[in-house]
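Reading through the structure tokens given below for one structure.
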There are 2 protein chains.
Amino acid sequence: MSSKNPINRREFIQKTSLASAGLVVSSTPSKKKFSRKPLSSLRLAFFGTGMRGQGHVDLALRRDDCEVVAIAEVDAEMIKRTKNLFSKRNLKLPTIYDQGERDYLRLLEKEDIDAVIIATPWRWHTEMAVAVMNAGKYCGVEVCGAFSLEECWQMVDTHERTGSHLFFLENVCYRRDVMAILNMVRQDLFGELMHLECGYQHDLRGVKFNDGQSPYDSGVEFGEKGFSEAKWRTWHSVHRNGDLYPTHGIGPVAQYININRGNRFLYLTSMATKSRGLHNYIVDHEKGGANHPNASVEFKLGDKVTTMIKTVNEETIVIHHDTNLPRPYSLGFRVQGTKGLWMAVNNSIYIEGQSPSHQWEAAAPFLEKYDHPLWKKYEQKAVGAGHGGMDFFLLNSFIESAKQNIEAPFDVYDAATWMAITPLSEQSISMGGQAMAFPDFTRGRWMKRKNSFAWDDSF
Amino acid sequence: MSSKNPINRREFIQKTSLASAGLVVSSTPSKKKFSRKPLSSLRLAFFGTGMRGQGHVDLALRRDDCEVVAIAEVDAEMIKRTKNLFSKRNLKLPTIYDQGERDYLRLLEKEDIDAVIIATPWRWHTEMAVAVMNAGKYCGVEVCGAFSLEECWQMVDTHERTGSHLFFLENVCYRRDVMAILNMVRQDLFGELMHLECGYQHDLRGVKFNDGQSPYDSGVEFGEKGFSEAKWRTWHSVHRNGDLYPTHGIGPVAQYININRGNRFLYLTSMATKSRGLHNYIVDHEKGGANHPNASVEFKLGDKVTTMIKTVNEETIVIHHDTNLPRPYSLGFRVQGTKGLWMAVNNSIYIEGQSPSHQWEAAAPFLEKYDHPLWKKYEQKAVGAGHGGMDFFLLNSFIESAKQNIEAPFDVYDAATWMAITPLSEQSISMGGQAMAFPDFTRGRWMKRKNSFAWDDSF
């Protein structure tokens, strides 16, 4: 998809709604039980205020158009840290729901809120998102992979039954280079897209293990003895072999090729290497060693998991999952079309007719020239926000979308589709690379839906 | 596999032979019908002296340990060009066999030769290699992909029946950086290998089409009206959809992880994008246009074909085939192990404990430090040889191996295995990404065979 005239966002959404009304396929997706008027200020709750949740809370507290009124969190230390964020700014403390893992249900019953952000361990995402939508609240949920296709359907079904919106909080869609490339894609610089690569190539050994007190690079403990993500995330590396974390890569790629909006994933195949990195890390660490209890843990997660996807529009995608080995961070983007390509790993672009024949050019001048209007507008506000500023844009879009109670740019169908990569890749790996088909979570609506992400500088 | 004490090549080959003698599985591979004593000079014939064959002839004519006595070639212009190579050096002209495509059979009958190099269009490789082995000649054959698994078996069977050796002429195994990385792999700098990438990413549009007179970037003709590779190679892009040219990538990778020598390919999956690049090239070319006859040709080859392989030792491999789109040349190597990785696209290396934490280092100092002994020894001789000098090493190794009549470093089992990627990828693509199993062409001998490639500076 390309357009040289990005249209006004509001106008676009109106047009899309009108278009949707004329749909042949599945024209009445939901009862819209919980429709409401736009709000000028949002009453917000958080489920989970660990390290990630605190990042969002901190950004929310800077704003004058939302109020964080309640928090569901079970870890006393994390509650303390979260409260400090309020105290630092002399803000009224939120009501705390800490009476067990399902105290969030009581929060949903008691609190007068408009929206919830879920930033709990992965195991809770779907259960909580379903409860939030059932309660008629605008639901933001952090990224993860699914455990099964059934839970993806459960989210979709709940949205369609309640009309409650789900915003899948994929921050990398807002990365500055990723958005500049989106701009270039839409201005047709790469031509018709053909092949894309992406992934999560991040040495997480110092995240999966720590000393139980500080989150990063501090030891070889996990589970009960671990801290922050090492408490729960590492278990997935013990038991599961698949692409556990596909969305940081696939989110941006889905924008480039309009997945669920004129295009969809058809099938994937996955392969995994043997598992060595996590065991070696424990054995070689000064706080570990061959006799450390964790040295006898068998990790099922292959050190490198590679997934290929074929789309209905005949693009191919490679996704890298590479979190157990020593390596520099790289999401490994490649965006290749009939006129040229971008490679993130060497920060280079080649555009036929513009670039010197058969030679790479530095990406930087292109990224500057095609800097996205959103970044131009909000650059100053984004300073200091997490992950190079992109977390500002993510929360901003969430809050603006929630205030208006409109469909998110990454909605429940995207959440279901992107999260489905994880169980499908587990299945493909376990069955010797067999091709696994993606369900069409949109029930055919992908043929008419339009990409609503970042066509202008509104949010 | 790693070794800090590369052993003498002759000693190594002796040891390997002794080890082979003790094999449980398939211990008597062949009758060795055509065994002979080492020669001090080699009588050589060429089948096919197009652009590629002429490159080899030119290198052979520089040597004092071989004589090019006969040539089978059907194209008058190419014969003329080849003869010029001899005249330039005041050398005796070879006997020419140009009486039709199978005149090479008459050459095999009539000429007193020790070895043949085959550099014909792909369609002839197996037929000719089988004939050469049946005639008891040492057989060098240029790289390509196979049409079927059966022809791969035919080469293997012929070798085993006759004892004639086949040298698969994969020049990229001798690329300077590729060999330095081999050195690093063997010295365990990357640790246990996990994931590898490679490919053939080369904008061949100006090779697949020309003006019928000059080989590169000169027009939009192919087939009867084309010149050199455009005469025949382009037909494969019209009719076939798969990784048509896997060996430049997989050859080096096979050395790194000892394929057919303690390891083997288990299965692959392939996916292809739609096909746009070749059609667009014809339409957009100043000598083409929408009304040019070739604008109505439907090209089956997807512009980007991606293949994943799983090995028995649980490494994964991604192979890129990308020859129809505008892009800078790149074989796209990635060699990743438990201790670090090399990425060719950004010319970078990361080695845990040596490199600054989480940061790439320039590959150049590593490549210099671990420069392979062969390159150190022959650097001056390689100057001016094709493809950055690597063609010198390839022909040198071929001639030295042929003189001694010993097993090639890339032998008939490697040729069969690497070439098999092509039909298997075609099958996987046509069947929606289904996993396709590799035959074990070694009939179990891979368990005991040893890698004999480049352990010292002999050849």
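If you're wondering about the labels, chains in the structure tokens are A, B, ... by order shown, residues count from 1 in each chain, ligands from 1 in order shown.
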| said: Need to verify the contact set: Gly251 in chain B, 8 Å, only C-alpha atoms, exclusion of same-chain residues closer than 6 positions in sequence. Can you return it as a PyMOL selection string? | reply: chain B and resi 170+172-173+418
| Contacts of Ala363 in chain B within 8 Å, only C-alpha atoms, excl. fewer than 2 positions in-chain, as an NGL selection string | :B and (342 or 347-349 or 361 or 365-367)
| message | Counting only C-alpha atoms, a student should be able to say which residues of chain B come within 7 Å of chain A; what is the right answer, written as a PyMOL selection string? | response | chain B and resi 194-195+271-274+277+304+310+314-316+325-329+338-340+345-346+350+352+358-360+433-435
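Reported to one decimal place, the separation of CA of Tyr97 in chain A from CA of Ile113 in chain A is 14.1 Å.
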| said: Among range 62-165 of chain A, which ones does DSSP assign to alpha helix (DSSP H) (computed from the backbone)? Answer as number ranges by chain. | reply: A: 76-88, 103-110, 125-134, 149-162
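Going from CA of Phe398 in chain A over to CA of Ser164 in chain A, you cover 13.9 Å.
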| message | Taking 5 positions as the minimum chain separation for residues in the same chain, which residues sit within 10 Å of range 42-49 of chain B when counting only C-alpha atoms? Answer as JSON, numbers by chain. | response | {"B": [54, 55, 56, 57, 60, 64, 65, 66, 67, 68, 69, 70, 71, 72, 73, 74, 75, 78, 79, 80, 81, 82, 83, 94, 95, 96, 97, 101, 103, 104, 107, 108, 111, 112, 113, 114, 115, 116, 117, 118, 119, 120, 121, 124, 125, 128, 129, 137, 138, 139, 140, 141, 399, 400, 402, 403, 404]}
| said: Excluding Pro246 in chain A and its own-chain neighbours fewer than 6 positions away, which residues fall within 7 Å of it when counting only C-alpha atoms? Please give them as an MDAnalysis selection string. | reply: chainID A and resid 145 199:200 421
Residue selection dump (all heavy atoms) as an mmCIF file, in the first residue's frame:
data_model
loop_
_atom_site.group_PDB
_atom_site.id
_atom_site.type_symbol
_atom_site.label_atom_id
_atom_site.label_comp_id
_atom_site.auth_asym_id
_atom_site.auth_seq_id
_atom_site.Cartn_x
_atom_site.Cartn_y
_atom_site.Cartn_z
ATOM 1 N N GLY A 145 3.624 -13.539 23.275
ATOM 2 C CA GLY A 145 3.096 -14.560 22.386
ATOM 3 C C GLY A 145 2.024 -15.333 23.121
ATOM 4 O O GLY A 145 1.979 -15.343 24.358
ATOM 5 N N GLY A 199 12.768 -9.370 13.931
ATOM 6 C CA GLY A 199 12.973 -10.351 14.984
ATOM 7 C C GLY A 199 13.241 -9.725 16.325
ATOM 8 O O GLY A 199 13.059 -8.513 16.533
ATOM 9 N N TYR A 200 13.653 -10.581 17.200
ATOM 10 C CA TYR A 200 14.020 -10.170 18.547
ATOM 11 C C TYR A 200 15.342 -10.864 18.809
ATOM 12 O O TYR A 200 15.384 -12.047 19.131
ATOM 13 C CB TYR A 200 12.938 -10.593 19.541
ATOM 14 C CG TYR A 200 13.132 -9.994 20.905
ATOM 15 C CD1 TYR A 200 13.088 -8.611 21.088
ATOM 16 C CD2 TYR A 200 13.362 -10.787 22.016
ATOM 17 C CE1 TYR A 200 13.279 -8.051 22.339
ATOM 18 C CE2 TYR A 200 13.538 -10.231 23.270
ATOM 19 C CZ TYR A 200 13.499 -8.863 23.426
ATOM 20 O OH TYR A 200 13.687 -8.310 24.666
ATOM 21 N N ILE A 421 1.648 -16.429 16.343
ATOM 22 C CA ILE A 421 2.930 -16.921 15.816
ATOM 23 C C ILE A 421 3.592 -17.865 16.818
ATOM 24 O O ILE A 421 4.206 -18.867 16.430
ATOM 25 C CB ILE A 421 3.858 -15.727 15.477
ATOM 26 C CG1 ILE A 421 3.285 -14.952 14.287
ATOM 27 C CG2 ILE A 421 5.279 -16.187 15.198
ATOM 28 C CD1 ILE A 421 3.934 -13.594 14.055
#
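For the atom pair formed by CA of Glu426 in chain A and CA of Ile282 in chain A, the distance is 24.9 Å, given to one decimal.
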| field | Who sits within 7 Å of Ala295 in chain A, only C-alpha atoms, same chain under 5 positions skipped, as a list in words | value | His279, Ile282, Val283 and Ala290 of chain A
Using only all heavy atoms, please write the residues we just selected to a file, as an mmCIF file, in the first residue's frame.
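Below is the file that was written, part-v4.cif:
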data_model
loop_
_atom_site.group_PDB
_atom_site.id
_atom_site.type_symbol
_atom_site.label_atom_id
_atom_site.label_comp_id
_atom_site.auth_asym_id
_atom_site.auth_seq_id
_atom_site.Cartn_x
_atom_site.Cartn_y
_atom_site.Cartn_z
ATOM 1 N N HIS A 279 22.291 -22.708 29.726
ATOM 2 C CA HIS A 279 23.078 -23.627 30.560
ATOM 3 C C HIS A 279 24.521 -23.132 30.691
ATOM 4 O O HIS A 279 25.062 -23.062 31.806
ATOM 5 C CB HIS A 279 23.037 -25.033 29.957
ATOM 6 C CG HIS A 279 23.949 -25.997 30.645
ATOM 7 N ND1 HIS A 279 23.623 -26.593 31.849
ATOM 8 C CD2 HIS A 279 25.187 -26.453 30.308
ATOM 9 C CE1 HIS A 279 24.620 -27.381 32.223
ATOM 10 N NE2 HIS A 279 25.582 -27.318 31.306
ATOM 11 N N ILE A 282 24.927 -20.205 33.107
ATOM 12 C CA ILE A 282 24.907 -20.595 34.530
ATOM 13 C C ILE A 282 26.246 -21.208 34.933
ATOM 14 O O ILE A 282 26.827 -20.849 35.958
ATOM 15 C CB ILE A 282 23.758 -21.597 34.785
ATOM 16 C CG1 ILE A 282 22.412 -20.891 34.621
ATOM 17 C CG2 ILE A 282 23.876 -22.236 36.157
ATOM 18 C CD1 ILE A 282 21.235 -21.838 34.413
ATOM 19 N N VAL A 283 26.733 -22.104 34.097
ATOM 20 C CA VAL A 283 27.978 -22.810 34.433
ATOM 21 C C VAL A 283 29.175 -21.858 34.459
ATOM 22 O O VAL A 283 30.049 -21.970 35.320
ATOM 23 C CB VAL A 283 28.219 -23.959 33.425
ATOM 24 C CG1 VAL A 283 29.607 -24.551 33.585
ATOM 25 C CG2 VAL A 283 27.150 -25.040 33.606
ATOM 26 N N ALA A 290 29.292 -25.364 37.690
ATOM 27 C CA ALA A 290 28.744 -26.676 37.317
ATOM 28 C C ALA A 290 27.931 -27.294 38.452
ATOM 29 O O ALA A 290 27.054 -28.139 38.211
ATOM 30 C CB ALA A 290 29.861 -27.609 36.887
#
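Distances to Arg334 in chain B were evaluated for B:Phe393, B:Phe209, B:Trp375, B:Tyr256 using only C-alpha atoms, and the minimum falls at B:Tyr256.
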| task | Would you return as number ranges by chain the members of range 199-401 of chain A that DSSP assigns to strand (DSSP E or B) on this structure's backbone? | result | A: 199-201, 210, 221, 259, 263, 265-272, 304-311, 316-322, 330, 334-337, 340-343, 348-351, 361-362
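Neighbouring residues of range 410-413 of chain A at 8 Å or closer, counting only C-alpha atoms and skipping chain neighbours under 3 positions away, are Met155, Val156, His159, His165, Leu166, Phe167, Phe168, Leu169, Glu170, Asn260, Glu407, Ala416, Thr417, Phe441, Thr442 and Phe453 of chain A.
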Expected file: the selected residues, all heavy atoms, as a compact mmCIF listing (two decimals), in the first residue's frame:
# COMPACT_ATOMS: atom_id res chain seq x y z
N MET A 155 -10.03 -13.70 22.89
CA MET A 155 -9.94 -12.23 22.88
C MET A 155 -10.82 -11.64 21.79
O MET A 155 -11.54 -10.66 22.01
CB MET A 155 -8.48 -11.79 22.68
CG MET A 155 -7.61 -12.06 23.89
SD MET A 155 -6.01 -11.21 23.75
CE MET A 155 -5.31 -12.07 22.36
N VAL A 156 -10.74 -12.24 20.60
CA VAL A 156 -11.53 -11.75 19.47
C VAL A 156 -13.03 -11.85 19.77
O VAL A 156 -13.79 -10.89 19.58
CB VAL A 156 -11.17 -12.55 18.19
CG1 VAL A 156 -12.20 -12.31 17.08
CG2 VAL A 156 -9.77 -12.20 17.71
N HIS A 159 -14.15 -9.25 22.31
CA HIS A 159 -14.28 -7.93 21.69
C HIS A 159 -15.57 -7.84 20.87
O HIS A 159 -16.30 -6.85 20.94
CB HIS A 159 -13.08 -7.65 20.79
CG HIS A 159 -13.35 -6.60 19.76
ND1 HIS A 159 -13.50 -5.27 20.06
CD2 HIS A 159 -13.54 -6.69 18.40
CE1 HIS A 159 -13.76 -4.59 18.96
NE2 HIS A 159 -13.79 -5.42 17.94
N HIS A 165 -12.84 -2.14 23.07
CA HIS A 165 -11.64 -2.15 22.24
C HIS A 165 -10.43 -2.70 22.99
O HIS A 165 -10.29 -2.53 24.19
CB HIS A 165 -11.33 -0.74 21.73
CG HIS A 165 -12.34 -0.25 20.75
ND1 HIS A 165 -12.49 -0.80 19.51
CD2 HIS A 165 -13.27 0.74 20.85
CE1 HIS A 165 -13.47 -0.18 18.86
NE2 HIS A 165 -13.95 0.77 19.66
N LEU A 166 -9.55 -3.32 22.22
CA LEU A 166 -8.26 -3.77 22.75
C LEU A 166 -7.15 -3.10 21.96
O LEU A 166 -7.18 -3.09 20.72
CB LEU A 166 -8.14 -5.29 22.65
CG LEU A 166 -6.84 -5.89 23.23
CD1 LEU A 166 -7.11 -7.24 23.90
CD2 LEU A 166 -5.76 -6.04 22.16
N PHE A 167 -6.20 -2.50 22.67
CA PHE A 167 -5.03 -1.86 22.07
C PHE A 167 -3.82 -2.71 22.44
O PHE A 167 -3.49 -2.85 23.61
CB PHE A 167 -4.88 -0.43 22.63
CG PHE A 167 -3.91 0.46 21.91
CD1 PHE A 167 -4.33 1.71 21.44
CD2 PHE A 167 -2.58 0.11 21.72
CE1 PHE A 167 -3.44 2.58 20.78
CE2 PHE A 167 -1.70 0.96 21.08
CZ PHE A 167 -2.12 2.18 20.60
N PHE A 168 -3.19 -3.28 21.42
CA PHE A 168 -2.03 -4.14 21.66
C PHE A 168 -0.79 -3.25 21.70
O PHE A 168 -0.45 -2.59 20.71
CB PHE A 168 -1.93 -5.18 20.55
CG PHE A 168 -1.01 -6.33 20.85
CD1 PHE A 168 -1.19 -7.12 21.99
CD2 PHE A 168 0.01 -6.67 19.97
CE1 PHE A 168 -0.36 -8.21 22.25
CE2 PHE A 168 0.84 -7.76 20.23
CZ PHE A 168 0.66 -8.52 21.37
N LEU A 169 -0.13 -3.21 22.85
CA LEU A 169 0.86 -2.17 23.12
C LEU A 169 2.25 -2.49 22.53
O LEU A 169 3.23 -2.66 23.26
CB LEU A 169 0.95 -1.92 24.63
CG LEU A 169 -0.36 -1.43 25.27
CD1 LEU A 169 -0.30 -1.51 26.80
CD2 LEU A 169 -0.67 0.01 24.84
N GLU A 170 2.33 -2.54 21.22
CA GLU A 170 3.60 -2.85 20.56
C GLU A 170 4.38 -1.56 20.30
O GLU A 170 4.13 -0.86 19.32
CB GLU A 170 3.35 -3.61 19.27
CG GLU A 170 4.62 -4.00 18.52
CD GLU A 170 5.73 -4.49 19.42
OE1 GLU A 170 5.62 -5.59 19.98
OE2 GLU A 170 6.72 -3.75 19.61
N ASN A 260 -3.98 -7.97 8.10
CA ASN A 260 -5.37 -7.85 8.55
C ASN A 260 -6.09 -6.66 7.93
O ASN A 260 -7.20 -6.30 8.33
CB ASN A 260 -5.48 -7.76 10.10
CG ASN A 260 -5.09 -9.08 10.76
OD1 ASN A 260 -5.24 -10.14 10.16
ND2 ASN A 260 -4.60 -9.01 11.99
N GLU A 407 -11.28 2.36 17.68
CA GLU A 407 -10.47 1.19 17.36
C GLU A 407 -8.99 1.56 17.42
O GLU A 407 -8.58 2.60 16.92
CB GLU A 407 -10.83 0.75 15.93
CG GLU A 407 -10.33 -0.60 15.54
CD GLU A 407 -10.90 -0.97 14.16
OE1 GLU A 407 -12.05 -1.47 14.12
OE2 GLU A 407 -10.20 -0.74 13.16
N ALA A 416 -4.34 -10.98 18.23
CA ALA A 416 -4.55 -12.42 18.05
C ALA A 416 -3.61 -12.99 16.98
O ALA A 416 -2.99 -14.04 17.16
CB ALA A 416 -6.01 -12.68 17.64
N THR A 417 -3.48 -12.26 15.87
CA THR A 417 -2.68 -12.75 14.74
C THR A 417 -1.19 -12.79 15.10
O THR A 417 -0.49 -13.76 14.82
CB THR A 417 -2.89 -11.85 13.51
OG1 THR A 417 -4.29 -11.77 13.24
CG2 THR A 417 -2.17 -12.40 12.30
N PHE A 441 -8.45 -14.52 11.92
CA PHE A 441 -9.16 -14.03 13.10
C PHE A 441 -10.18 -12.95 12.75
O PHE A 441 -11.08 -12.67 13.53
CB PHE A 441 -8.17 -13.51 14.15
CG PHE A 441 -7.33 -14.59 14.77
CD1 PHE A 441 -5.98 -14.72 14.45
CD2 PHE A 441 -7.88 -15.49 15.68
CE1 PHE A 441 -5.21 -15.72 15.02
CE2 PHE A 441 -7.10 -16.49 16.27
CZ PHE A 441 -5.76 -16.61 15.92
N THR A 442 -10.02 -12.32 11.58
CA THR A 442 -10.96 -11.25 11.21
C THR A 442 -12.24 -11.81 10.58
O THR A 442 -13.15 -11.06 10.25
CB THR A 442 -10.34 -10.27 10.19
OG1 THR A 442 -10.24 -10.90 8.91
CG2 THR A 442 -8.97 -9.78 10.64
N PHE A 453 -2.91 3.17 11.03
CA PHE A 453 -1.76 3.56 11.84
C PHE A 453 -0.98 4.72 11.24
O PHE A 453 -0.47 4.62 10.12
CB PHE A 453 -0.83 2.35 12.03
CG PHE A 453 0.45 2.68 12.76
CD1 PHE A 453 0.42 3.19 14.04
CD2 PHE A 453 1.68 2.48 12.15
CE1 PHE A 453 1.59 3.50 14.72
CE2 PHE A 453 2.86 2.78 12.81
CZ PHE A 453 2.82 3.30 14.10
